[in-house]
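Written below as structure tokens is the structure these notes are about.
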Amino acid sequence: MGESISDGTLATFLKKPGDSVAADEPIAQIETDKVTIDVVSPQAGVLQEYVAKEGDTVEAGAKIAVISKSGVGVAPAAPAEKKSEKAASKPSPPAESVKEDKPKAKVEASPAAEKPKPPSSPPPKRTATEPVLPPKERERRVPMTRLRKRVATRLKDSQNTFAMLTTFNEVDMTNLMKLRSDYKDAFVEKHGVKLGFMSGFVKAAVSALQHQPIVNAVIDGDDIIYRDYVDISIAVGTPKGLVVPVVRDADKMNFAEIEKTINNLAKKANDGTISIDEMAGGSFTISNGGVYGSLLSTPIINPPQSAILGMHSIVSRPMVVGGNVVPRPMMYIALTYDHRLIDGREAVFFLRRIKDVVEDPRRLLLDV
């Protein structure tokens with residue numbers, strides 16, 4: 001399961017005892033803190049039995065199944081099941097007798113229960129004061145997946161560790177949207193990938209991190225670690241939970257390379273094929289809640305980083321431009337940062353730099 005993983009939860013069996021399996025064919029799935037891993041058959045044969053159950057925690061190298069090359073020992077499993085079914089059907093008459101006995105006990109106890117009925121005042125008081133709760137039959141208890149438990153633990157640890165503070169600003173998306181509209185066809189034709197807004201914000205974040213390197217740093221004990229590289233984590237929501245793949249060396253990439261990398265990582269995340277190495281590390285995170293329609297939020301820092309940028313939905317709002325009120329496509333942006341390390345001045349300058357670059361992408365060409 002990889003050097004960084006010691007155990008996992010046996011999530012599902014993909015094959016049943018008695019099924020034929022080919023070499024390297026997945027027979028089960030192991031769920032770890034970060035990803036779901038397929039367990040493949042080491043050889044071709046017939047799946048004889050599972051020696052572990054779904055939901056069990058298994059360590060790396062543990063035996064979970066027995067595969068027979070010849071299929072011997074698999075056939076008797078069916079008669080055994082029939083016997084168990086017959087054995088299970090035999091005790092049904094005693095069960096009926098038990099059911100019959102229960103009403104008798106109730107009938108015998110009912111006259112005794114009727115005697116203490118005179119003090120009938122307490123029941124009305126209970127119904128008047130206590131809320132009427134829905135029956136338990138209308139609730140479902142489902143165990144948390146390892147990924148969900150890991151996300152919950154990390155986010156709560158983040159709240160308990162960091163002195164988190166969020167600062168906000170708003171961005172006029174007019175120029176970036178025009179840039180995208182003017183060159184989207186030529187961009188796709190040359191690079192084979194669509195030009196989105198994420199690459200523009202990643203480039204803006206890289207520029208802001210270079211102007212305010214403290215935002216790219218992290219506290220380690222009594223020291224501050226300054227990172228001389230820019231690895232941008234991109235928060236991706238998947239059906240199984242939140243994952244944060246990393247765009248390595250984003251400061252050395254152009255728009256096309258960033259778009260290709262993000263698309264590739266997002267596809268792997270949604271397919272469940274992303275590796276642990278592709279999610280390890282990262283010096284700064286960007287979370288785009290705007291794809292779900294979020295207007296404003298306060299994102300939580302992804303440890304061991306010191307800040308996270310929140311993007312939101314683009315909404316046309318009336319703005320004053322040159323003394324006139326005109327409609328503009330506006331986006332609220334939020335920066336949550338560790339106030340133990342980053343002062344408000346640096347945080348505001350950082351967010352202003354992102355605003356300036358997104359509103360006028362030509363700044364990236366001139367480095368101003």
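Residue numbering restarts at 1 for every chain of the structure tokens, chains are lettered A, B, ... in their displayed order, and ligands are numbered from 1 as they appear.
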
- Quick one: DSSP helix (DSSP H, G or I) residues in range 239-316 of chain A, as a list in words?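 Filtering range 239-316 of chain A down to helix (DSSP H, G or I) leaves Ala250, Asp251, Lys252, Phe255, Ala256, Glu257, Ile258, Glu259, Lys260, Thr261, Ile262, Asn263, Asn264, Leu265, Ala266, Lys267, Lys268, Ala269, Asn270, Asp271, Asp277, Glu278, Met279, Gly289, Gly290, Val291 and Tyr292 of chain A.
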
Go ahead and save the picked residues with C-alpha atoms, as an mmCIF file, in the first residue's frame.
```
data_model
loop_
_atom_site.group_PDB
_atom_site.id
_atom_site.type_symbol
_atom_site.label_atom_id
_atom_site.label_comp_id
_atom_site.auth_asym_id
_atom_site.auth_seq_id
_atom_site.Cartn_x
_atom_site.Cartn_y
_atom_site.Cartn_z
ATOM 1 C CA ALA A 250 3.639 26.163 -10.280
ATOM 2 C CA ASP A 251 6.019 29.145 -10.489
ATOM 3 C CA LYS A 252 7.780 27.474 -13.440
ATOM 4 C CA PHE A 255 -1.019 28.918 -18.389
ATOM 5 C CA ALA A 256 -1.334 25.815 -20.576
ATOM 6 C CA GLU A 257 0.805 23.618 -18.305
ATOM 7 C CA ILE A 258 -1.222 24.680 -15.271
ATOM 8 C CA GLU A 259 -4.546 23.950 -16.996
ATOM 9 C CA LYS A 260 -3.359 20.513 -18.180
ATOM 10 C CA THR A 261 -2.037 19.594 -14.734
ATOM 11 C CA ILE A 262 -5.221 20.686 -12.951
ATOM 12 C CA ASN A 263 -7.464 18.838 -15.426
ATOM 13 C CA ASN A 264 -5.387 15.666 -15.109
ATOM 14 C CA LEU A 265 -5.363 15.750 -11.297
ATOM 15 C CA ALA A 266 -9.096 16.544 -11.078
ATOM 16 C CA LYS A 267 -9.928 13.624 -13.406
ATOM 17 C CA LYS A 268 -7.823 11.240 -11.319
ATOM 18 C CA ALA A 269 -9.423 12.519 -8.111
ATOM 19 C CA ASN A 270 -12.958 11.949 -9.407
ATOM 20 C CA ASP A 271 -12.047 8.530 -10.818
ATOM 21 C CA ASP A 277 2.345 11.194 -3.834
ATOM 22 C CA GLU A 278 0.179 13.490 -5.960
ATOM 23 C CA MET A 279 -1.493 14.845 -2.800
ATOM 24 C CA GLY A 289 -16.329 27.240 -3.965
ATOM 25 C CA GLY A 290 -17.672 29.301 -6.850
ATOM 26 C CA VAL A 291 -18.162 26.179 -8.975
ATOM 27 C CA TYR A 292 -20.922 25.194 -6.513
#
```

- Task: Pick out the residues sitting within 7 Å of Thr32 in chain A, and hand them over as an MDAnalysis selection string; count only C-alpha atoms, and ignore anything fewer than 2 positions along from it in its own chain.
- Result: chainID A and resid 8:9 30 34:36 146:147

- Find the spatial neighbours of Asp367 in chain A, counting only C-alpha atoms, within a cut-off of 12 Å - ignore same-chain residues fewer than 3 positions away - and output them as a VMD selection string. chain A and resid 203 to 204 206 to 208 210 to 211 353 356 to 357 360 to 364

- Item | Spatial neighbours of Ala22 in chain A, 7 Å, only C-alpha atoms, chain gap at least 5 places, as a ChimeraX atom specification | /A:41,43-45

- Could you pull out the strand (DSSP E) residues of range 156-358 of chain A from DSSP and send them as a ChimeraX atom specification? /A:164-172,218-220,223-225,232-234,236-238,241-243,246-247,284-288,307-311,314-321,324-338

- Task: In Å, rounded to a single decimal, give me how far CA of Ile301 in chain A is from CA of Lys156 in chain A.
- Result: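 Computed distance, CA of Lys156 in chain A to CA of Ile301 in chain A, equals 10.3 Å.
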